[in-house]
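Enquirer: Please find one structure pasted underneath; my questions will follow.
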Amino acid sequence: MTVKTYRDAWGIPHLRASDALQLAFGQGENAALDRAWQIEVERHRSQGTTASFLGPATVVWDRFARQARLDDTARRCFANLDDETAAWVSAYVDGVNAGLARGAAAAPEFAATGLEPQPWQPWTPLGIWLAHHILFAGFPTKLWREEVARRLGADAIELFATDDPGTAGSNGWMVSGERTAAGAPLIAGDPHRFIQDPGFYQQLHLSCPEYDVVGFAVPGVPGIAHFGHTGTVAWAITNAMSDYHDLYREQLRRAGGGIEALGPEGWSPAVRHRETIEVAGGEPVEIEVIETERGPVVLEAPADLADPAEPGDFAGAEGAGPEADPTGMPGGISLRYPPRVTGDLGFDVLPALLRARTVADVDRALDRWIEPVNVVHAADTTGELLHRVAGYVPVRHRDNWLRIVPAREQGHSWQGSHGTPRAEVDGIAVMANARGLAGPLGVDFAPPHRADRIDALLRKSRDWTAPGMAAIHMDTYLAAAGPLLEQVTRLGELGPAAERLRERLLSWNRHMDADSIAAADYARLRSAVARRIAAAPQLKCLTVPLTYPAVFDTWLNLTSKVAFALETLLTTDRLAGLDVPGIVEAAMDEVAGAEPVAWGELHRLAPGRALPAVEGERWPGLGGDHDCVLATSSTPGVTDLSARGPSARYVWDLSRRENSLWIVPLGASGVPGGGHHRDQLPLWVRGELAPVITDFALLAEEDGPAEEGSGPEDGPDRGGRSG
């Protein structure tokens with residue numbers, strides 16, 4: 001048995017094997033060779049061990065990962081896999097282990113940090129998937145809503161409701177054959193994530209006698225989960241913005257040498273142990289890991305977040321129960337999330353998608369999906385179309401969806417899961433995180449601007465081609481600018497500089513183009529207004545520091561929350577006395593004195609990475625904005641740099657797969673300085689896409705294919721799987 005690797009002009013790996021297990025082995029080996037540093041960082045993130053080589057700054061994540069029981073949950077989910085899927089995942093892990101030493105030797109980050117690669121466990125890919133998506137459901141937003149309700153009143157709980165920088169979304173659209181030049185469906189879009197270096201998605205071609213699939217893989221995870229084309233069927237997803245994680249306010253007490261938690265039926269034992277986080281350049285940090293019947297305790301409850309009912313039952317209070325700790329014990333906040341409850345991540349869906357030949361195959365496979373919850377498009381060569389939600393959303397009390405609920409109260413348990421909505425497709429289907437198909441399953445959704453704009457652009461033609469879709473990917477119209485520009489229009493007489501600024505703004509075409517001065521004017525004004533509203537007396541109560549770990553800062557920054565809810569806050573009557581005209585006029589005066597500059601000079605790409613950026617490194621300027629179809633997001637009032645945006649772009653053509661197109665922000669290789677590390681960046685910035693090549697005769701075979709018999713051994717329970 002052999003695995004052979006081929007490359008195209010962009011260095012994209014095309015893997016060919018004699019069977020599916022050998023191919024999984026080859027995918028794992030390729031991930032280790034092309035992305036060794038990236039996947040080892042993600043392994044450590046899933047285990048909560050990043051501080052051991054990255055230092056004190058990452059202790060906050062390690063603490064959360066351990067307290068949320070990510071690695072243990074991955075282990076449980078792996079133990080519950082069917083034998084075929086377990087063998088497939090194990091083959092991938094075997095491939096990673098076979099290539100990791102060679103990949104690490106070529107990656108300079110290992111020497112820079114002193115990190116030595118270690119063998120992967122069979123469940124490591126599941127842990128990586130969990131670590132990537134544990135914050136995807138946006139449960140930290142419940143911490144924010146709790147603070148808003150406590151400080152501004154319950155009627156203000158959804159005052160800041162909007163898509164925020166902590167929530168990753170996507171654009172996706174599908175047109176039927178009646179609206180394409182070739183008479184077959186097209187699926188296109190772009191997932192929006194924090195842009196990483198190396199990139200989050202890896203372009204990949206997987207081929208064996210059982211299937212032949214192109215798409216975007218997640219390094220460290222086998223298969224092609226989110227965006228793929230098998231030749232006869234293609235699929236793509238966006239974040240459904242559903243709510244499927246709950247937070248419970250726990251009352252805890254020490255009793256009999258252990259810990260108890262107060263639930264609806266009274267006090268019951270909680271699981272408890274201690275762990276030590278090793279810290280490079282610092283002292284080890286010992287933490288307590290506690291799990292109640294609701295879930296792992298991931299936060300210490302702030303001192304003023306107390307359940308007012310029956311105070312005699314609080315930990316340490318008189319009459320609280322036998323052997324209560326006389327010093328008391330802080331309350332906690334526990335997290336309940338589906339894989340921890342069900343012991344299932346839905347990983348058996350991944351090999352099923354690779355084998356899919358029709359829309360019906362994709363649909364059946366996704367019935368078993370768990371997390372994250374997605375909206376899905378699929379189309380096949382017969383013209384069948386699919387538009388549905390996939391994933392596990394628990395049935396429970398409405399309060400669970402909105403804020404932290406008391407663990408002691410009846411009525412907050414889970415009662416099964418919701419059915420997943422679906423819709424018929426009449427020529428066009430759009431998914432862009434807006435309230436719509438998934439509306440019954442969530443609370444906060446993106447504003448409708450991106451979805452409405454994509455739909456309007458698609459309706460301008462009935463002759464779409466794959467190359468033509470690039471114009472939609474790169475559309476920069478900002479409908480969200482309307483409310484602030486309306487305030488500018490209403491202002492009275494302004495000073496000369498502010499009046500010139502108003503003229504530029506009101507004659508602006510509302511496109512956030514990189515070379516637009518008016519777009520930069522608008523962005524500066526928006527930031528100034530957001531900062532001034534955040535500083536207004538009406539919100540002073542929210543400026544009091546929130547006592548949550550830094551891992552949740554993205555969801556709890558007042559200025560960013562104001563900026564992304566600006567459309568609402570400019571017109572709300574819930575903040576009595578807020579002088580919106582005065583704030584806008586003062587912001588106009590502030591911005592009018594700034595030297596005019598193009599938007600792309602302010603709005604530059606700022607990828608995230610595990611190690612500090614190279615000093616003086618300058619990334620390209622970008623067009624687009626948070627609510628544009630070209631969703632290159634910054635955080636108004638905080639920074640104009642764009643750390644989030646299209647982490648891939650794709651067009652899947654069902655008339656002929658070779659007409660499909662794709663691109664990633666940087667390149668196929670994760671090795672700094674390599675020829676394919678950033679060679680796709682210029683195309684990505686310009687909105688161009690590279691061709692999808694599937695003919696092995698057009699590819700170059702890489703030297704040094706895997707040796708005969710070097711792949712996985714036979715047998716379904718390799719790698720220590722149990723259960």
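Naming scheme: A, B, ... for chains in displayed order of the structure tokens; residues 1 onward per chain; ligands 1 onward as shown.
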Need the shell around Ala446 in chain A: protein/DNA/RNA residues with any atom at most 9 Å away, counting only C-alpha atoms. Skip same-chain ones fewer than 2 positions apart. Format as a PyMOL selection string?
Expert: chain A and resi 161-164+169+241+432-435+444+448-450+627
Enquirer: Using only C-alpha atoms, determine which residues lie at most 9 Å from Ile454 in chain A, disregarding the query and same-chain residues fewer than 3 positions distant; provide the list as a PDB file with all heavy atoms, in the first residue's frame.
Expert:
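Output file part_0.pdb is given in full below:
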ATOM      1  N   ASN A 171     -20.140  34.108   4.813  1.00  0.00           N
ATOM      2  CA  ASN A 171     -21.080  34.291   3.721  1.00  0.00           C
ATOM      3  C   ASN A 171     -21.176  32.983   2.965  1.00  0.00           C
ATOM      4  O   ASN A 171     -20.177  32.269   2.803  1.00  0.00           O
ATOM      5  CB  ASN A 171     -20.593  35.357   2.733  1.00  0.00           C
ATOM      6  CG  ASN A 171     -20.525  36.744   3.334  1.00  0.00           C
ATOM      7  OD1 ASN A 171     -21.391  37.143   4.103  1.00  0.00           O
ATOM      8  ND2 ASN A 171     -19.496  37.482   2.965  1.00  0.00           N
ATOM      9  N   GLY A 172     -22.340  32.680   2.464  1.00  0.00           N
ATOM     10  CA  GLY A 172     -22.492  31.547   1.580  1.00  0.00           C
ATOM     11  C   GLY A 172     -23.707  31.757   0.703  1.00  0.00           C
ATOM     12  O   GLY A 172     -24.706  32.316   1.146  1.00  0.00           O
ATOM     13  N   TRP A 173     -23.599  31.326  -0.547  1.00  0.00           N
ATOM     14  CA  TRP A 173     -24.761  31.454  -1.423  1.00  0.00           C
ATOM     15  C   TRP A 173     -24.749  30.329  -2.440  1.00  0.00           C
ATOM     16  O   TRP A 173     -23.714  29.734  -2.738  1.00  0.00           O
ATOM     17  CB  TRP A 173     -24.820  32.816  -2.083  1.00  0.00           C
ATOM     18  CG  TRP A 173     -23.633  33.205  -2.922  1.00  0.00           C
ATOM     19  CD1 TRP A 173     -23.454  33.005  -4.265  1.00  0.00           C
ATOM     20  CD2 TRP A 173     -22.459  33.897  -2.476  1.00  0.00           C
ATOM     21  NE1 TRP A 173     -22.246  33.520  -4.679  1.00  0.00           N
ATOM     22  CE2 TRP A 173     -21.616  34.088  -3.597  1.00  0.00           C
ATOM     23  CE3 TRP A 173     -22.028  34.388  -1.225  1.00  0.00           C
ATOM     24  CZ2 TRP A 173     -20.378  34.722  -3.517  1.00  0.00           C
ATOM     25  CZ3 TRP A 173     -20.797  35.024  -1.146  1.00  0.00           C
ATOM     26  CH2 TRP A 173     -19.984  35.188  -2.283  1.00  0.00           C
ATOM     27  N   VAL A 430     -29.234  32.125   0.297  1.00  0.00           N
ATOM     28  CA  VAL A 430     -28.156  32.913   0.897  1.00  0.00           C
ATOM     29  C   VAL A 430     -28.092  32.585   2.381  1.00  0.00           C
ATOM     30  O   VAL A 430     -29.120  32.468   3.055  1.00  0.00           O
ATOM     31  CB  VAL A 430     -28.388  34.428   0.704  1.00  0.00           C
ATOM     32  CG1 VAL A 430     -27.297  35.239   1.399  1.00  0.00           C
ATOM     33  CG2 VAL A 430     -28.436  34.768  -0.784  1.00  0.00           C
ATOM     34  N   ALA A 432     -25.818  34.117   5.652  1.00  0.00           N
ATOM     35  CA  ALA A 432     -24.824  35.104   6.070  1.00  0.00           C
ATOM     36  C   ALA A 432     -25.010  35.483   7.527  1.00  0.00           C
ATOM     37  O   ALA A 432     -24.876  36.651   7.905  1.00  0.00           O
ATOM     38  CB  ALA A 432     -24.888  36.347   5.181  1.00  0.00           C
ATOM     39  N   HIS A 449     -27.619  43.000   6.592  1.00  0.00           N
ATOM     40  CA  HIS A 449     -27.043  43.723   5.460  1.00  0.00           C
ATOM     41  C   HIS A 449     -26.309  42.811   4.478  1.00  0.00           C
ATOM     42  O   HIS A 449     -26.473  42.940   3.261  1.00  0.00           O
ATOM     43  CB  HIS A 449     -26.089  44.806   5.969  1.00  0.00           C
ATOM     44  CG  HIS A 449     -26.694  45.708   6.981  1.00  0.00           C
ATOM     45  ND1 HIS A 449     -27.868  46.399   6.756  1.00  0.00           N
ATOM     46  CD2 HIS A 449     -26.302  46.042   8.246  1.00  0.00           C
ATOM     47  CE1 HIS A 449     -28.166  47.112   7.824  1.00  0.00           C
ATOM     48  NE2 HIS A 449     -27.231  46.905   8.742  1.00  0.00           N
ATOM     49  N   ARG A 450     -25.462  41.914   4.986  1.00  0.00           N
ATOM     50  CA  ARG A 450     -24.700  41.067   4.070  1.00  0.00           C
ATOM     51  C   ARG A 450     -25.627  40.147   3.280  1.00  0.00           C
ATOM     52  O   ARG A 450     -25.502  39.999   2.063  1.00  0.00           O
ATOM     53  CB  ARG A 450     -23.658  40.247   4.837  1.00  0.00           C
ATOM     54  CG  ARG A 450     -22.463  41.036   5.298  1.00  0.00           C
ATOM     55  CD  ARG A 450     -21.382  40.136   5.904  1.00  0.00           C
ATOM     56  NE  ARG A 450     -21.699  39.695   7.253  1.00  0.00           N
ATOM     57  CZ  ARG A 450     -21.842  38.438   7.646  1.00  0.00           C
ATOM     58  NH1 ARG A 450     -21.706  37.454   6.771  1.00  0.00           N
ATOM     59  NH2 ARG A 450     -22.103  38.133   8.899  1.00  0.00           N
ATOM     60  N   ALA A 451     -26.567  39.530   3.982  1.00  0.00           N
ATOM     61  CA  ALA A 451     -27.487  38.618   3.306  1.00  0.00           C
ATOM     62  C   ALA A 451     -28.316  39.351   2.261  1.00  0.00           C
ATOM     63  O   ALA A 451     -28.500  38.862   1.134  1.00  0.00           O
ATOM     64  CB  ALA A 451     -28.389  37.942   4.335  1.00  0.00           C
ATOM     65  N   LEU A 457     -27.471  41.245  -5.331  1.00  0.00           N
ATOM     66  CA  LEU A 457     -26.480  41.110  -6.397  1.00  0.00           C
ATOM     67  C   LEU A 457     -26.734  39.861  -7.237  1.00  0.00           C
ATOM     68  O   LEU A 457     -26.593  39.884  -8.467  1.00  0.00           O
ATOM     69  CB  LEU A 457     -25.072  41.057  -5.797  1.00  0.00           C
ATOM     70  CG  LEU A 457     -24.569  42.362  -5.162  1.00  0.00           C
ATOM     71  CD1 LEU A 457     -23.255  42.117  -4.418  1.00  0.00           C
ATOM     72  CD2 LEU A 457     -24.393  43.456  -6.209  1.00  0.00           C
ATOM     73  N   LEU A 458     -27.103  38.763  -6.593  1.00  0.00           N
ATOM     74  CA  LEU A 458     -27.355  37.528  -7.334  1.00  0.00           C
ATOM     75  C   LEU A 458     -28.532  37.668  -8.286  1.00  0.00           C
ATOM     76  O   LEU A 458     -28.560  37.058  -9.370  1.00  0.00           O
ATOM     77  CB  LEU A 458     -27.608  36.374  -6.365  1.00  0.00           C
ATOM     78  CG  LEU A 458     -26.395  35.858  -5.586  1.00  0.00           C
ATOM     79  CD1 LEU A 458     -26.832  34.835  -4.545  1.00  0.00           C
ATOM     80  CD2 LEU A 458     -25.359  35.239  -6.520  1.00  0.00           C
ATOM     81  N   ARG A 459     -29.517  38.465  -7.918  1.00  0.00           N
ATOM     82  CA  ARG A 459     -30.713  38.609  -8.747  1.00  0.00           C
ATOM     83  C   ARG A 459     -30.485  39.483  -9.982  1.00  0.00           C
ATOM     84  O   ARG A 459     -31.363  39.582 -10.842  1.00  0.00           O
ATOM     85  CB  ARG A 459     -31.866  39.151  -7.908  1.00  0.00           C
ATOM     86  CG  ARG A 459     -32.323  38.159  -6.855  1.00  0.00           C
ATOM     87  CD  ARG A 459     -33.545  38.555  -6.080  1.00  0.00           C
ATOM     88  NE  ARG A 459     -33.806  37.583  -5.031  1.00  0.00           N
ATOM     89  CZ  ARG A 459     -34.392  36.393  -5.226  1.00  0.00           C
ATOM     90  NH1 ARG A 459     -34.789  36.065  -6.434  1.00  0.00           N
ATOM     91  NH2 ARG A 459     -34.582  35.564  -4.222  1.00  0.00           N
ATOM     92  N   ILE A 472     -18.918  39.275  -6.204  1.00  0.00           N
ATOM     93  CA  ILE A 472     -19.732  39.267  -4.978  1.00  0.00           C
ATOM     94  C   ILE A 472     -18.836  39.119  -3.759  1.00  0.00           C
ATOM     95  O   ILE A 472     -19.025  39.816  -2.746  1.00  0.00           O
ATOM     96  CB  ILE A 472     -20.790  38.156  -5.047  1.00  0.00           C
ATOM     97  CG1 ILE A 472     -21.744  38.427  -6.213  1.00  0.00           C
ATOM     98  CG2 ILE A 472     -21.560  38.061  -3.725  1.00  0.00           C
ATOM     99  CD1 ILE A 472     -22.829  37.402  -6.369  1.00  0.00           C
ATOM    100  N   HIS A 473     -17.859  38.225  -3.819  1.00  0.00           N
ATOM    101  CA  HIS A 473     -16.905  38.091  -2.710  1.00  0.00           C
ATOM    102  C   HIS A 473     -16.324  39.438  -2.296  1.00  0.00           C
ATOM    103  O   HIS A 473     -16.086  39.696  -1.110  1.00  0.00           O
ATOM    104  CB  HIS A 473     -15.728  37.191  -3.133  1.00  0.00           C
ATOM    105  CG  HIS A 473     -16.014  35.740  -3.129  1.00  0.00           C
ATOM    106  ND1 HIS A 473     -15.714  34.933  -4.195  1.00  0.00           N
ATOM    107  CD2 HIS A 473     -16.556  34.922  -2.189  1.00  0.00           C
ATOM    108  CE1 HIS A 473     -16.054  33.678  -3.916  1.00  0.00           C
ATOM    109  NE2 HIS A 473     -16.558  33.650  -2.710  1.00  0.00           N
ATOM    110  N   ASP A 475     -17.510  42.597  -2.781  1.00  0.00           N
ATOM    111  CA  ASP A 475     -18.399  43.754  -2.702  1.00  0.00           C
ATOM    112  C   ASP A 475     -18.198  44.507  -1.391  1.00  0.00           C
ATOM    113  O   ASP A 475     -18.191  43.912  -0.307  1.00  0.00           O
ATOM    114  CB  ASP A 475     -19.852  43.315  -2.817  1.00  0.00           C
ATOM    115  CG  ASP A 475     -20.794  44.492  -2.888  1.00  0.00           C
ATOM    116  OD1 ASP A 475     -20.904  45.094  -3.970  1.00  0.00           O
ATOM    117  OD2 ASP A 475     -21.403  44.826  -1.840  1.00  0.00           O
ATOM    118  N   VAL A 629     -20.156  42.613   2.407  1.00  0.00           N
ATOM    119  CA  VAL A 629     -19.942  41.236   1.976  1.00  0.00           C
ATOM    120  C   VAL A 629     -18.458  40.905   2.111  1.00  0.00           C
ATOM    121  O   VAL A 629     -18.095  39.818   2.580  1.00  0.00           O
ATOM    122  CB  VAL A 629     -20.431  41.044   0.526  1.00  0.00           C
ATOM    123  CG1 VAL A 629     -20.159  39.612   0.070  1.00  0.00           C
ATOM    124  CG2 VAL A 629     -21.917  41.366   0.407  1.00  0.00           C
TER     125      VAL A 629
END
Enquirer: Closest to Thr276 in chain A among A:Asp72, A:Arg150, A:Val375, A:Asp62, using only C-alpha atoms?
Expert: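 Using only C-alpha atoms, the shortest distance to Thr276 in chain A belongs to A:Asp62.
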Enquirer: Using only C-alpha atoms, which protein or nucleic acid residues come within 10 Å of range 583-586 of chain A? Drop anything in the same chain fewer than 5 positions from it, and give the result as a VMD selection string.
Expert: chain A and resid 484 to 485 487 to 488 491 to 494 498 525 to 526 528 to 533 536 570 578 591 to 592
Enquirer: Can you pull out every residue from range 287-534 of chain A that DSSP, working from the backbone, puts in strand (DSSP E or B), and format the result as a PyMOL selection string?
Expert: chain A and resi 287-291+296-300+332-336+374-380+385-390+394+405-406+417+422+426+428-431+434+442+446+464+477+511
Enquirer: Step one, run DSSP on the backbone; step two, keep only residues of range 482-660 of chain A assigned to alpha helix (DSSP H); then write them as a short mmCIF file (atom, residue, chain, number, x, y, z; two decimals) with C-alpha atoms, in the first residue's frame.
Expert:
data_model
loop_
_atom_site.label_atom_id
_atom_site.label_comp_id
_atom_site.auth_asym_id
_atom_site.auth_seq_id
_atom_site.Cartn_x
_atom_site.Cartn_y
_atom_site.Cartn_z
CA GLY A 482 -27.10 54.69 7.00
CA PRO A 483 -28.07 55.58 10.59
CA LEU A 484 -24.85 57.48 11.37
CA LEU A 485 -24.92 59.35 8.04
CA GLU A 486 -28.53 60.29 8.77
CA GLN A 487 -27.37 61.84 12.05
CA VAL A 488 -24.68 63.76 10.16
CA THR A 489 -27.31 65.06 7.73
CA ARG A 490 -29.45 66.41 10.59
CA PRO A 496 -15.45 74.96 8.10
CA ALA A 497 -13.40 71.76 8.53
CA ALA A 498 -16.36 69.77 9.86
CA GLU A 499 -18.52 71.08 7.02
CA ARG A 500 -16.00 69.86 4.45
CA LEU A 501 -16.02 66.49 6.21
CA ARG A 502 -19.83 66.40 6.02
CA GLU A 503 -19.71 67.13 2.30
CA ARG A 504 -17.33 64.24 1.72
CA LEU A 505 -19.44 61.87 3.80
CA LEU A 506 -22.77 62.78 2.20
CA ILE A 517 -10.82 58.72 1.59
CA ALA A 518 -14.50 59.07 2.44
CA ALA A 519 -14.55 55.46 3.71
CA ALA A 520 -11.71 56.33 6.09
CA ASP A 521 -13.60 59.48 7.13
CA TYR A 522 -16.63 57.38 7.95
CA ALA A 523 -14.59 54.80 9.87
CA ARG A 524 -12.90 57.51 11.92
CA LEU A 525 -16.24 59.14 12.70
CA ARG A 526 -17.80 55.82 13.68
CA SER A 527 -14.91 55.11 16.06
CA ALA A 528 -15.14 58.56 17.64
CA VAL A 529 -18.90 58.20 18.12
CA ALA A 530 -18.50 54.70 19.61
CA ARG A 531 -15.91 55.92 22.11
CA ARG A 532 -18.09 58.86 23.13
CA ILE A 533 -21.21 56.75 23.59
CA ALA A 534 -19.20 54.25 25.64
CA ASP A 553 -12.32 40.04 26.97
CA THR A 554 -13.43 40.07 23.34
CA TRP A 555 -17.04 39.68 24.43
CA LEU A 556 -16.86 42.14 27.34
CA LEU A 558 -17.72 48.11 26.21
CA THR A 559 -16.38 50.16 23.31
CA SER A 560 -16.50 47.25 20.89
CA LYS A 561 -19.98 46.28 22.10
CA VAL A 562 -21.13 49.85 21.44
CA ALA A 563 -19.47 49.93 18.02
CA PHE A 564 -21.16 46.78 16.77
CA LEU A 566 -24.23 51.39 16.86
CA GLU A 567 -27.25 51.18 14.56
CA THR A 568 -29.43 50.42 17.57
CA LEU A 569 -27.77 52.81 20.02
CA VAL A 580 -26.84 61.55 20.17
CA PRO A 581 -26.72 64.79 18.09
CA GLY A 582 -24.24 66.33 20.52
CA ILE A 583 -22.06 63.20 20.45
CA VAL A 584 -22.05 63.09 16.65
CA GLU A 585 -21.25 66.82 16.37
CA ALA A 586 -18.35 66.53 18.82
CA ALA A 587 -17.07 63.50 16.91
CA MET A 588 -17.29 65.44 13.64
CA ASP A 589 -15.14 68.20 15.12
CA GLU A 590 -12.64 65.62 16.34
CA VAL A 591 -12.34 63.82 13.01
CA ALA A 592 -12.35 66.98 10.88
CA TRP A 599 -9.19 53.52 4.14
CA GLY A 600 -6.56 50.93 3.18
CA GLU A 601 -3.87 52.94 4.98
CA LEU A 602 -5.75 52.45 8.25
#
Enquirer: Would you list the contacts of Val393 in chain A as a PyMOL selection string, taking every protein, DNA or RNA residue within 10 Å and counting only C-alpha atoms, but skipping same-chain residues closer than 4 positions in sequence?
Expert: chain A and resi 242-245+337-338+370-373+414+416-420+441-442
Enquirer: May I ask which of the residues A:Leu605, A:Val443, A:Ala378, A:Ala481 is the closest one to Phe160 in chain A, counting only C-alpha atoms?
Expert: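 Of the candidates, the smallest distance to Phe160 in chain A is held by A:Val443.
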Enquirer: In Å, how far is it from CA of Leu699 in chain A to CA of Ile12 in chain A?
Expert: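 We find that CA of Leu699 in chain A and CA of Ile12 in chain A lie 9.9 Å from each other.
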Enquirer: Residues within 12 Å of Leu641 in chain A, please, as a list in words. Count only C-alpha atoms; anything in the same chain fewer than 4 positions from it doesn't count.
Expert: Phe194, Ile195, Ala523, Trp599, Gly600, Glu601, Leu602, His603, Arg604, Leu605, Ala606, Pro607, Gly608, Arg618, Trp619, Pro620, Gly621, Leu622, Gly623, Gly624, Asp625, His626, Thr632, Ser633, Ser634, Thr635, Pro636, Gly637 and Gly645 of chain A
